[in-house]
Amino acid sequence: MPEQSPFDLPEGDPFGPHTLPYGVFSTADAPDLRRLGVRYGRHVLDLAALPDALPGTVPAPHAALLTAASLNPLLAAGRPVWQAVHAAVRAALTDPAHRTAVAPLLRPLDDVTLHLPFEVADYVDFYSSEHHATNVGRIFRPDGAALPPNWKHLPIGYHGRAGTVVVSGTPVVRPHGQRKAPADPAPVFGPSTRLDIEAEVGFVVGTPSALHAPVGLDAFREHVFGVCLVNDWSARDIQAWEYVPLGPFLGKSFATSVSAWITPLDAFDASRTAPPARDVAPLPYLNDAAAEPGGLDLRIEVRLNGEVISRPPFAAMYWTAAQQLAHMTVNGASLRTGDLYASGTVSGPEPDQLGCLLELTQGKGPYLQDGDEITLTAWAPGPDGARIGLGEVTGRVLPAAELPAGRPA
């Protein structure tokens with residue numbers, strides 16, 4: 001039986017010509033050489049080699065961007081360049097006349113090593129699912145209001161730690177920290193006993209903005225390059241003790257896993273949807289009533305040790321990515337190339353649509369054990385019945401590291 005051509009994808013493959021996500025890879029023969037690639041089915045197209053293989057396909061001014069070791073130069077080039085490069089890649093992969101030249105540039109996905117695809121400048125995590133925020137509020141504040149009074153007026157968020165954003169497949173070491181149960185007389189220090197996940201969607205900023213120049217809702221497409229899955233690991237016991245009054249810190253900053261593939265924002269045009277109806281009118285800078293539909297119909301799946309435990313629907317998110325970007329910059333804060341901001345935990349209204357173990361177990365556990373592996377996958381409806389894929393995010397929990405001598409135990 002002849003080997004199937006890498007150009008002939010199985011029907012319904014979520015990484016077909018309508019998706020074409022970008023990543024960074026290396027090969028066994030040159031492990032220190034990182035190259036840009038585009039995923040096509042179960043293969044990776046070597047972007048750096050494309051301009052020489054098909055002269056003129058990639059516009060000459062843009063060819064040098066493809067030889068970089070990360071996506072950042074391409075991200076910074078702006079939307080017209082993103083569209084020109086994407087069009088060139090799609091033509092290279094779909095025009096039968098190019099197959100002979102392009103075939104040698106396609107490497108089997110199983111034969112390459114994938115790396116963090118961009119250099120993360122800043123990281124912001126939001127809290128934009130009403131279902132999640134309500135559920136967590138009831139668990140953390142059983143005698144108070146589930147939602148804080150500001151929740152329906154602004155997308156709540158916090159600044160995370162860019163240096164601990166890691167690529168899918170990177171192990172996650174159980175963090176140490178302080179924890180204190182309500183009945184305990186004093187806090188104790190040690191490994192987290194309530195390690196959790198948060199199934200989220202991330203947005204990668206390409207074009208920067210000037211300091212003191214807010215980015216309005218209508219400029220969302222000009223600044224956001226693409227979309228990825230995010231698992232914002234959470235130590236709930238550390239978080240519960242530290243988060244009043246300033247919010248998450250050590251309970252979140254130890255690891256945030258992202259996909260090795262960034263799917264272009266424009267690939268999701270067919271999956272745009274209106275966000276849920278709002279019962280509180282947003283202020284003008286967040287009012288998207290006249291804007292294009294800001295929600296995305298992404299279907300997420302969460303697996304624990306291979307078993308599906310939840311299917312959170314991103315279409316149920318109260319605040320959209322465009323509103324998050326507008327709020328993040330309305331005070332004059334600037335955007336930098338490589339900024340990453342995440343949606344916050346994605347949860348729906350049903351018991352099998354919850355995006356973290358805290359919700360799935362009503363705060364009772366069990367939480368993650370050493371050796372557990374979490375995998376997030378997702379897809380969205382595309383044009384003509386196609387599926388648009390997001391690269392998976394996988395992480396395995398490792399035991400807490402032994403502290404050096406002289407450190408608290």
# chains A, B, ... in the order shown; residues from 1 in each chain; ligands from 1
call {"tool": "select_by_dssp", "arguments": {"residues": "segment 47-160 of chain A", "states": "strand (DSSP E)", "output": "ChimeraX atom specification"}}
result
/A:106-108,112-115,123-126,157-159
call {"tool": "write_last_selection", "arguments": {"atoms": "N, CA, C and O atoms", "output": "mmCIF file, in the first residue's frame"}}
result
data_model
loop_
_atom_site.group_PDB
_atom_site.id
_atom_site.type_symbol
_atom_site.label_atom_id
_atom_site.label_comp_id
_atom_site.auth_asym_id
_atom_site.auth_seq_id
_atom_site.Cartn_x
_atom_site.Cartn_y
_atom_site.Cartn_z
ATOM 1 N N LEU A 106 8.305 19.424 4.179
ATOM 2 C CA LEU A 106 7.336 18.926 5.144
ATOM 3 C C LEU A 106 7.965 17.823 5.983
ATOM 4 O O LEU A 106 8.370 16.775 5.463
ATOM 5 N N ARG A 107 8.057 18.064 7.274
ATOM 6 C CA ARG A 107 8.661 17.102 8.194
ATOM 7 C C ARG A 107 7.566 16.464 9.051
ATOM 8 O O ARG A 107 6.676 17.164 9.546
ATOM 9 N N PRO A 108 7.614 15.169 9.247
ATOM 10 C CA PRO A 108 6.612 14.534 10.108
ATOM 11 C C PRO A 108 6.610 15.163 11.501
ATOM 12 O O PRO A 108 7.657 15.403 12.093
ATOM 13 N N VAL A 112 9.945 15.983 15.024
ATOM 14 C CA VAL A 112 10.486 17.282 15.416
ATOM 15 C C VAL A 112 10.217 17.532 16.902
ATOM 16 O O VAL A 112 9.349 16.901 17.505
ATOM 17 N N THR A 113 10.989 18.441 17.461
ATOM 18 C CA THR A 113 10.776 18.908 18.826
ATOM 19 C C THR A 113 10.162 20.292 18.756
ATOM 20 O O THR A 113 10.671 21.166 18.039
ATOM 21 N N LEU A 114 9.073 20.504 19.484
ATOM 22 C CA LEU A 114 8.391 21.790 19.469
ATOM 23 C C LEU A 114 8.810 22.620 20.667
ATOM 24 O O LEU A 114 9.059 22.099 21.754
ATOM 25 N N HIS A 115 8.886 23.927 20.473
ATOM 26 C CA HIS A 115 9.362 24.859 21.496
ATOM 27 C C HIS A 115 8.320 25.947 21.742
ATOM 28 O O HIS A 115 7.355 26.084 20.979
ATOM 29 N N TYR A 123 2.244 38.828 30.738
ATOM 30 C CA TYR A 123 1.158 37.866 30.799
ATOM 31 C C TYR A 123 0.061 38.412 31.706
ATOM 32 O O TYR A 123 0.329 38.828 32.835
ATOM 33 N N VAL A 124 -1.165 38.420 31.193
ATOM 34 C CA VAL A 124 -2.334 38.865 31.950
ATOM 35 C C VAL A 124 -3.373 37.759 31.897
ATOM 36 O O VAL A 124 -3.631 37.182 30.834
ATOM 37 N N ASP A 125 -3.973 37.470 33.047
ATOM 38 C CA ASP A 125 -5.010 36.452 33.125
ATOM 39 C C ASP A 125 -6.310 37.100 33.573
ATOM 40 O O ASP A 125 -6.339 37.831 34.570
ATOM 41 N N PHE A 126 -7.384 36.837 32.843
ATOM 42 C CA PHE A 126 -8.682 37.417 33.167
ATOM 43 C C PHE A 126 -9.565 36.399 33.899
ATOM 44 O O PHE A 126 -9.159 35.279 34.195
ATOM 45 N N GLY A 157 -8.990 41.132 35.974
ATOM 46 C CA GLY A 157 -7.785 40.413 35.584
ATOM 47 C C GLY A 157 -6.655 40.676 36.552
ATOM 48 O O GLY A 157 -6.777 41.479 37.474
ATOM 49 N N TYR A 158 -5.554 39.978 36.348
ATOM 50 C CA TYR A 158 -4.353 40.221 37.143
ATOM 51 C C TYR A 158 -3.136 39.957 36.269
ATOM 52 O O TYR A 158 -3.201 39.226 35.281
ATOM 53 N N HIS A 159 -2.034 40.571 36.636
ATOM 54 C CA HIS A 159 -0.791 40.350 35.909
ATOM 55 C C HIS A 159 -0.097 39.106 36.432
ATOM 56 O O HIS A 159 0.179 38.991 37.633
#
call {"tool": "residues_around", "arguments": {"residues": "Ala68 of chain A", "least_positions_apart": "4", "cutoff": "8 Å", "atoms": "only C-alpha atoms", "output": "NGL selection string"}}
result
:A and (35-36 or 48 or 64 or 73)
call {"tool": "closest_atom_pairs", "arguments": {"of": "segment 115-184 of chain A", "to": "segment 257-276 of chain A", "cutoff": "10 Å", "atoms": "only C-alpha atoms", "output": "JSON lines"}}
result
{"residue": "A:His115", "atom": "CA", "partner": "A:Ala260", "partner_atom": "CA", "distance": 6.3}
{"residue": "A:Leu116", "atom": "CA", "partner": "A:Ala260", "partner_atom": "CA", "distance": 5.9}
{"residue": "A:Pro117", "atom": "CA", "partner": "A:Ala260", "partner_atom": "CA", "distance": 5.9}
{"residue": "A:Phe118", "atom": "CA", "partner": "A:Ile262", "partner_atom": "CA", "distance": 9.2}
{"residue": "A:Glu130", "atom": "CA", "partner": "A:Pro276", "partner_atom": "CA", "distance": 9.7}
{"residue": "A:Thr164", "atom": "CA", "partner": "A:Ser257", "partner_atom": "CA", "distance": 8.5}
{"residue": "A:Val165", "atom": "CA", "partner": "A:Ser257", "partner_atom": "CA", "distance": 5.8}
{"residue": "A:Val166", "atom": "CA", "partner": "A:Ser257", "partner_atom": "CA", "distance": 4.9}
{"residue": "A:Val167", "atom": "CA", "partner": "A:Val258", "partner_atom": "CA", "distance": 5.1}
{"residue": "A:Ser168", "atom": "CA", "partner": "A:Ser259", "partner_atom": "CA", "distance": 5.2}
{"residue": "A:Gly169", "atom": "CA", "partner": "A:Ser257", "partner_atom": "CA", "distance": 8.3}
{"residue": "A:Thr170", "atom": "CA", "partner": "A:Ser257", "partner_atom": "CA", "distance": 7.7}
{"residue": "A:Pro171", "atom": "CA", "partner": "A:Ser257", "partner_atom": "CA", "distance": 9.4}
{"residue": "A:Val172", "atom": "CA", "partner": "A:Ser257", "partner_atom": "CA", "distance": 8.8}
call {"tool": "write_last_selection", "arguments": {"atoms": "C-alpha atoms", "output": "PDB file, in the first residue's frame"}}
result
ATOM      1  CA  HIS A 115       9.362  24.859  21.496  1.00  0.00           C
ATOM      2  CA  LEU A 116       7.676  27.872  23.048  1.00  0.00           C
ATOM      3  CA  PRO A 117       6.668  29.638  19.837  1.00  0.00           C
ATOM      4  CA  PHE A 118       7.139  33.255  20.939  1.00  0.00           C
ATOM      5  CA  GLU A 130     -19.803  34.251  34.639  1.00  0.00           C
ATOM      6  CA  THR A 164       6.938  30.796  33.899  1.00  0.00           C
ATOM      7  CA  VAL A 165       4.892  30.450  30.716  1.00  0.00           C
ATOM      8  CA  VAL A 166       5.972  27.074  29.319  1.00  0.00           C
ATOM      9  CA  VAL A 167       5.228  25.121  26.176  1.00  0.00           C
ATOM     10  CA  SER A 168       2.952  22.098  26.072  1.00  0.00           C
ATOM     11  CA  GLY A 169       4.717  18.954  27.238  1.00  0.00           C
ATOM     12  CA  THR A 170       6.780  20.711  29.900  1.00  0.00           C
ATOM     13  CA  PRO A 171       6.369  18.915  33.262  1.00  0.00           C
ATOM     14  CA  VAL A 172       4.834  20.911  36.112  1.00  0.00           C
TER      15      VAL A 172
END
call {"tool": "closest_residue", "arguments": {"among": "A:Cys228, A:Leu54, A:Leu376, A:Ala213", "to": "Arg303 of chain A", "atoms": "only C-alpha atoms"}}
result
A:Leu376
call {"tool": "residues_around", "arguments": {"residues": "Thr57 of chain A", "least_positions_apart": "3", "cutoff": "12 Å", "atoms": "only C-alpha atoms", "output": "number ranges by chain"}}
result
A: 47, 49-54, 60-63, 84-93, 95, 98, 101-102
call {"tool": "select_by_dssp", "arguments": {"residues": "segment 348-379 of chain A", "states": "alpha helix (DSSP H)", "output": "ChimeraX atom specification"}}
result
/A:357-360
call {"tool": "residues_around", "arguments": {"residues": "Asn305 of chain A", "least_positions_apart": "6", "cutoff": "12 Å", "atoms": "only C-alpha atoms", "output": "list of chain:residue names"}}
result
A:Leu368, A:Gln369, A:Asp370, A:Gly371, A:Asp372, A:Glu373, A:Ile374, A:Thr375, A:Leu376, A:Thr394, A:Gly395, A:Arg396, A:Val397
call {"tool": "write_last_selection", "arguments": {"atoms": "all heavy atoms", "output": "mmCIF file, in the first residue's frame"}}
result
data_model
loop_
_atom_site.group_PDB
_atom_site.id
_atom_site.type_symbol
_atom_site.label_atom_id
_atom_site.label_comp_id
_atom_site.auth_asym_id
_atom_site.auth_seq_id
_atom_site.Cartn_x
_atom_site.Cartn_y
_atom_site.Cartn_z
ATOM 1 N N LEU A 368 -5.179 17.253 41.794
ATOM 2 C CA LEU A 368 -4.199 16.512 41.010
ATOM 3 C C LEU A 368 -3.186 15.804 41.909
ATOM 4 O O LEU A 368 -2.682 16.369 42.877
ATOM 5 C CB LEU A 368 -3.470 17.456 40.055
ATOM 6 C CG LEU A 368 -4.336 18.081 38.956
ATOM 7 C CD1 LEU A 368 -3.523 19.087 38.158
ATOM 8 C CD2 LEU A 368 -4.914 17.000 38.035
ATOM 9 N N GLN A 369 -2.892 14.565 41.530
ATOM 10 C CA GLN A 369 -1.880 13.777 42.211
ATOM 11 C C GLN A 369 -0.596 13.774 41.389
ATOM 12 O O GLN A 369 -0.612 14.027 40.175
ATOM 13 C CB GLN A 369 -2.377 12.329 42.389
ATOM 14 C CG GLN A 369 -3.710 12.220 43.109
ATOM 15 C CD GLN A 369 -3.667 12.767 44.515
ATOM 16 O OE1 GLN A 369 -2.777 12.407 45.291
ATOM 17 N NE2 GLN A 369 -4.599 13.652 44.856
ATOM 18 N N ASP A 370 0.526 13.496 42.034
ATOM 19 C CA ASP A 370 1.784 13.371 41.303
ATOM 20 C C ASP A 370 1.638 12.284 40.241
ATOM 21 O O ASP A 370 1.093 11.201 40.501
ATOM 22 C CB ASP A 370 2.923 13.017 42.253
ATOM 23 C CG ASP A 370 3.234 14.133 43.239
ATOM 24 O OD1 ASP A 370 2.762 15.261 43.020
ATOM 25 O OD2 ASP A 370 3.951 13.870 44.233
ATOM 26 N N GLY A 371 2.104 12.592 39.046
ATOM 27 C CA GLY A 371 1.996 11.659 37.936
ATOM 28 C C GLY A 371 0.776 11.876 37.053
ATOM 29 O O GLY A 371 0.723 11.345 35.935
ATOM 30 N N ASP A 372 -0.197 12.627 37.532
ATOM 31 C CA ASP A 372 -1.376 12.913 36.710
ATOM 32 C C ASP A 372 -0.990 13.737 35.485
ATOM 33 O O ASP A 372 -0.102 14.602 35.548
ATOM 34 C CB ASP A 372 -2.426 13.680 37.508
ATOM 35 C CG ASP A 372 -3.240 12.790 38.437
ATOM 36 O OD1 ASP A 372 -3.150 11.558 38.304
ATOM 37 O OD2 ASP A 372 -3.965 13.342 39.288
ATOM 38 N N GLU A 373 -1.670 13.488 34.382
ATOM 39 C CA GLU A 373 -1.436 14.239 33.140
ATOM 40 C C GLU A 373 -2.746 14.864 32.671
ATOM 41 O O GLU A 373 -3.769 14.190 32.591
ATOM 42 C CB GLU A 373 -0.882 13.330 32.056
ATOM 43 C CG GLU A 373 -0.531 14.084 30.775
ATOM 44 C CD GLU A 373 0.121 13.187 29.744
ATOM 45 O OE1 GLU A 373 -0.627 12.424 29.085
ATOM 46 O OE2 GLU A 373 1.355 13.235 29.593
ATOM 47 N N ILE A 374 -2.680 16.145 32.389
ATOM 48 C CA ILE A 374 -3.832 16.894 31.884
ATOM 49 C C ILE A 374 -3.566 17.280 30.427
ATOM 50 O O ILE A 374 -2.484 17.759 30.087
ATOM 51 C CB ILE A 374 -4.076 18.163 32.714
ATOM 52 C CG1 ILE A 374 -4.599 17.810 34.094
ATOM 53 C CG2 ILE A 374 -5.045 19.108 31.993
ATOM 54 C CD1 ILE A 374 -6.031 17.294 34.117
ATOM 55 N N THR A 375 -4.568 17.081 29.569
ATOM 56 C CA THR A 375 -4.465 17.474 28.165
ATOM 57 C C THR A 375 -5.703 18.271 27.778
ATOM 58 O O THR A 375 -6.836 17.823 27.996
ATOM 59 C CB THR A 375 -4.335 16.246 27.249
ATOM 60 O OG1 THR A 375 -3.138 15.540 27.578
ATOM 61 C CG2 THR A 375 -4.276 16.671 25.780
ATOM 62 N N LEU A 376 -5.482 19.450 27.205
ATOM 63 C CA LEU A 376 -6.553 20.274 26.657
ATOM 64 C C LEU A 376 -6.479 20.222 25.137
ATOM 65 O O LEU A 376 -5.395 20.349 24.560
ATOM 66 C CB LEU A 376 -6.423 21.735 27.098
ATOM 67 C CG LEU A 376 -6.239 22.045 28.585
ATOM 68 C CD1 LEU A 376 -6.159 23.553 28.786
ATOM 69 C CD2 LEU A 376 -7.354 21.444 29.402
ATOM 70 N N THR A 394 -0.555 19.914 26.999
ATOM 71 C CA THR A 394 -0.395 18.760 27.885
ATOM 72 C C THR A 394 0.649 19.075 28.949
ATOM 73 O O THR A 394 1.660 19.715 28.674
ATOM 74 C CB THR A 394 0.044 17.520 27.090
ATOM 75 O OG1 THR A 394 -1.001 17.152 26.185
ATOM 76 C CG2 THR A 394 0.336 16.348 28.009
ATOM 77 N N GLY A 395 0.387 18.618 30.163
ATOM 78 C CA GLY A 395 1.361 18.759 31.244
ATOM 79 C C GLY A 395 1.188 17.640 32.247
ATOM 80 O O GLY A 395 0.056 17.276 32.578
ATOM 81 N N ARG A 396 2.308 17.100 32.734
ATOM 82 C CA ARG A 396 2.291 16.045 33.743
ATOM 83 C C ARG A 396 2.824 16.606 35.058
ATOM 84 O O ARG A 396 3.814 17.347 35.071
ATOM 85 C CB ARG A 396 3.137 14.849 33.290
ATOM 86 C CG ARG A 396 3.091 13.663 34.274
ATOM 87 C CD ARG A 396 3.941 12.509 33.766
ATOM 88 N NE ARG A 396 3.410 11.967 32.523
ATOM 89 C CZ ARG A 396 2.449 11.063 32.458
ATOM 90 N NH1 ARG A 396 1.885 10.601 33.573
ATOM 91 N NH2 ARG A 396 2.025 10.615 31.292
ATOM 92 N N VAL A 397 2.170 16.247 36.142
ATOM 93 C CA VAL A 397 2.553 16.746 37.460
ATOM 94 C C VAL A 397 3.712 15.922 38.014
ATOM 95 O O VAL A 397 3.638 14.686 38.081
ATOM 96 C CB VAL A 397 1.370 16.685 38.435
ATOM 97 C CG1 VAL A 397 1.791 17.172 39.824
ATOM 98 C CG2 VAL A 397 0.202 17.513 37.908
#
call {"tool": "closest_residue", "arguments": {"among": "A:Leu211, A:Ala255, A:Ala322, A:Leu9", "to": "Asn231 of chain A", "atoms": "only C-alpha atoms"}}
result
A:Ala255
call {"tool": "residues_around", "arguments": {"residues": "Pro14 of chain A", "least_positions_apart": "2", "cutoff": "8 Å", "atoms": "only C-alpha atoms", "output": "ChimeraX atom specification"}}
result
/A:12,16,19,41,379,386-389
call {"tool": "closest_residue", "arguments": {"among": "A:Phe220, A:Phe15, A:Tyr341, A:Phe249", "to": "Gln323 of chain A", "atoms": "only C-alpha atoms"}}
result
A:Phe220
call {"tool": "atom_distance", "arguments": {"atom1": "atom CA of Glu307 of chain A", "atom2": "atom CA of Leu358 of chain A"}}
result
17.6 Å
call {"tool": "atom_distance", "arguments": {"atom1": "atom CA of Gly137 of chain A", "atom2": "atom CA of Leu250 of chain A"}}
result
19.8 Å
call {"tool": "residues_around", "arguments": {"residues": "Lys252 of chain A", "least_positions_apart": "5", "cutoff": "12 Å", "atoms": "only C-alpha atoms", "output": "PyMOL selection string"}}
result
chain A and resi 123-125+158-162+164-165+174-177+192+195-198+231-240+242-243+247+257+344
call {"tool": "write_last_selection", "arguments": {"atoms": "N, CA and C atoms", "output": "tab-separated table (two decimals), in the first residue's frame"}}
result
chain	number	residue	atom	x	y	z
A	123	TYR	N	2.24	38.83	30.74
A	123	TYR	CA	1.16	37.87	30.80
A	123	TYR	C	0.06	38.41	31.71
A	124	VAL	N	-1.17	38.42	31.19
A	124	VAL	CA	-2.33	38.86	31.95
A	124	VAL	C	-3.37	37.76	31.90
A	125	ASP	N	-3.97	37.47	33.05
A	125	ASP	CA	-5.01	36.45	33.12
A	125	ASP	C	-6.31	37.10	33.57
A	158	TYR	N	-5.55	39.98	36.35
A	158	TYR	CA	-4.35	40.22	37.14
A	158	TYR	C	-3.14	39.96	36.27
A	159	HIS	N	-2.03	40.57	36.64
A	159	HIS	CA	-0.79	40.35	35.91
A	159	HIS	C	-0.10	39.11	36.43
A	160	GLY	N	0.18	38.17	35.55
A	160	GLY	CA	0.89	36.96	35.91
A	160	GLY	C	2.38	37.10	35.66
A	161	ARG	N	3.03	35.98	35.55
A	161	ARG	CA	4.49	35.97	35.45
A	161	ARG	C	4.90	35.39	34.10
A	162	ALA	N	5.45	36.24	33.23
A	162	ALA	CA	5.80	35.82	31.87
A	162	ALA	C	6.88	34.75	31.87
A	164	THR	N	7.33	32.18	33.63
A	164	THR	CA	6.94	30.80	33.90
A	164	THR	C	5.87	30.30	32.93
A	165	VAL	N	5.71	30.98	31.81
A	165	VAL	CA	4.89	30.45	30.72
A	165	VAL	C	5.73	29.40	29.98
A	174	ARG	N	5.08	20.30	41.41
A	174	ARG	CA	4.16	20.74	42.47
A	174	ARG	C	4.82	21.86	43.28
A	175	PRO	N	4.14	23.01	43.41
A	175	PRO	CA	4.79	24.16	44.06
A	175	PRO	C	4.72	24.10	45.59
A	176	HIS	N	5.68	24.76	46.22
A	176	HIS	CA	5.64	25.00	47.65
A	176	HIS	C	4.98	26.35	47.92
A	177	GLY	N	4.48	26.51	49.13
A	177	GLY	CA	3.93	27.80	49.54
A	177	GLY	C	3.27	27.70	50.90
A	192	SER	N	1.90	22.20	47.78
A	192	SER	CA	0.45	22.35	47.62
A	192	SER	C	-0.22	20.99	47.64
A	195	LEU	N	-3.64	21.01	44.08
A	195	LEU	CA	-3.17	21.45	42.77
A	195	LEU	C	-4.27	21.24	41.74
A	196	ASP	N	-4.51	22.29	40.93
A	196	ASP	CA	-5.66	22.31	40.03
A	196	ASP	C	-5.21	22.79	38.66
A	197	ILE	N	-6.16	22.73	37.74
A	197	ILE	CA	-5.97	23.25	36.39
A	197	ILE	C	-6.95	24.39	36.16
A	198	GLU	N	-6.71	25.13	35.07
A	198	GLU	CA	-7.70	26.08	34.57
A	198	GLU	C	-7.66	26.02	33.05
A	231	ASN	N	-3.36	26.35	29.87
A	231	ASN	CA	-3.69	25.75	31.16
A	231	ASN	C	-2.98	26.55	32.22
A	232	ASP	N	-3.73	27.35	32.96
A	232	ASP	CA	-3.14	28.18	34.01
A	232	ASP	C	-3.23	27.40	35.32
A	233	TRP	N	-2.20	26.61	35.59
A	233	TRP	CA	-2.17	25.74	36.77
A	233	TRP	C	-2.37	26.57	38.03
A	234	SER	N	-3.06	26.01	39.00
A	234	SER	CA	-3.44	26.76	40.19
A	234	SER	C	-3.28	25.90	41.44
A	235	ALA	N	-2.62	26.47	42.45
A	235	ALA	CA	-2.52	25.83	43.76
A	235	ALA	C	-3.60	26.45	44.63
A	236	ARG	N	-4.73	25.78	44.75
A	236	ARG	CA	-5.89	26.39	45.39
A	236	ARG	C	-5.69	26.68	46.87
A	237	ASP	N	-4.92	25.84	47.56
A	237	ASP	CA	-4.70	26.09	48.99
A	237	ASP	C	-3.81	27.31	49.19
A	238	ILE	N	-2.78	27.46	48.37
A	238	ILE	CA	-1.93	28.65	48.44
A	238	ILE	C	-2.74	29.88	48.05
A	239	GLN	N	-3.52	29.75	46.99
A	239	GLN	CA	-4.34	30.87	46.50
A	239	GLN	C	-5.34	31.34	47.55
A	240	ALA	N	-6.03	30.41	48.20
A	240	ALA	CA	-7.07	30.79	49.15
A	240	ALA	C	-6.52	31.59	50.33
A	242	GLU	N	-3.64	33.49	50.26
A	242	GLU	CA	-2.92	34.70	49.88
A	242	GLU	C	-3.77	35.74	49.14
A	243	TYR	N	-4.93	35.34	48.59
A	243	TYR	CA	-5.52	36.19	47.55
A	243	TYR	C	-6.27	37.41	48.09
A	247	GLY	N	-5.37	39.50	45.40
A	247	GLY	CA	-5.60	38.53	44.34
A	247	GLY	C	-4.50	37.50	44.21
A	257	SER	N	0.88	26.77	31.15
A	257	SER	CA	1.21	26.00	29.94
A	257	SER	C	0.44	26.53	28.74
A	344	GLY	N	-9.19	33.49	31.30
A	344	GLY	CA	-9.68	32.97	32.56
A	344	GLY	C	-10.37	31.64	32.31
call {"tool": "closest_atom_pairs", "arguments": {"of": "segment 175-219 of chain A", "to": "segment 285-299 of chain A", "cutoff": "8 Å", "atoms": "only C-alpha atoms", "output": "JSON lines"}}
result
{"residue": "A:Gly216", "atom": "CA", "partner": "A:Tyr285", "partner_atom": "CA", "distance": 6.9}
{"residue": "A:Leu217", "atom": "CA", "partner": "A:Asp288", "partner_atom": "CA", "distance": 7.2}
{"residue": "A:Asp218", "atom": "CA", "partner": "A:Ala291", "partner_atom": "CA", "distance": 7.2}
call {"tool": "write_last_selection", "arguments": {"atoms": "C-alpha atoms", "output": "short mmCIF file (atom, residue, chain, number, x, y, z; two decimals), in the first residue's frame"}}
result
data_model
loop_
_atom_site.label_atom_id
_atom_site.label_comp_id
_atom_site.auth_asym_id
_atom_site.auth_seq_id
_atom_site.Cartn_x
_atom_site.Cartn_y
_atom_site.Cartn_z
CA GLY A 216 -10.30 50.41 21.26
CA LEU A 217 -12.62 47.55 20.40
CA ASP A 218 -12.31 48.33 16.70
#
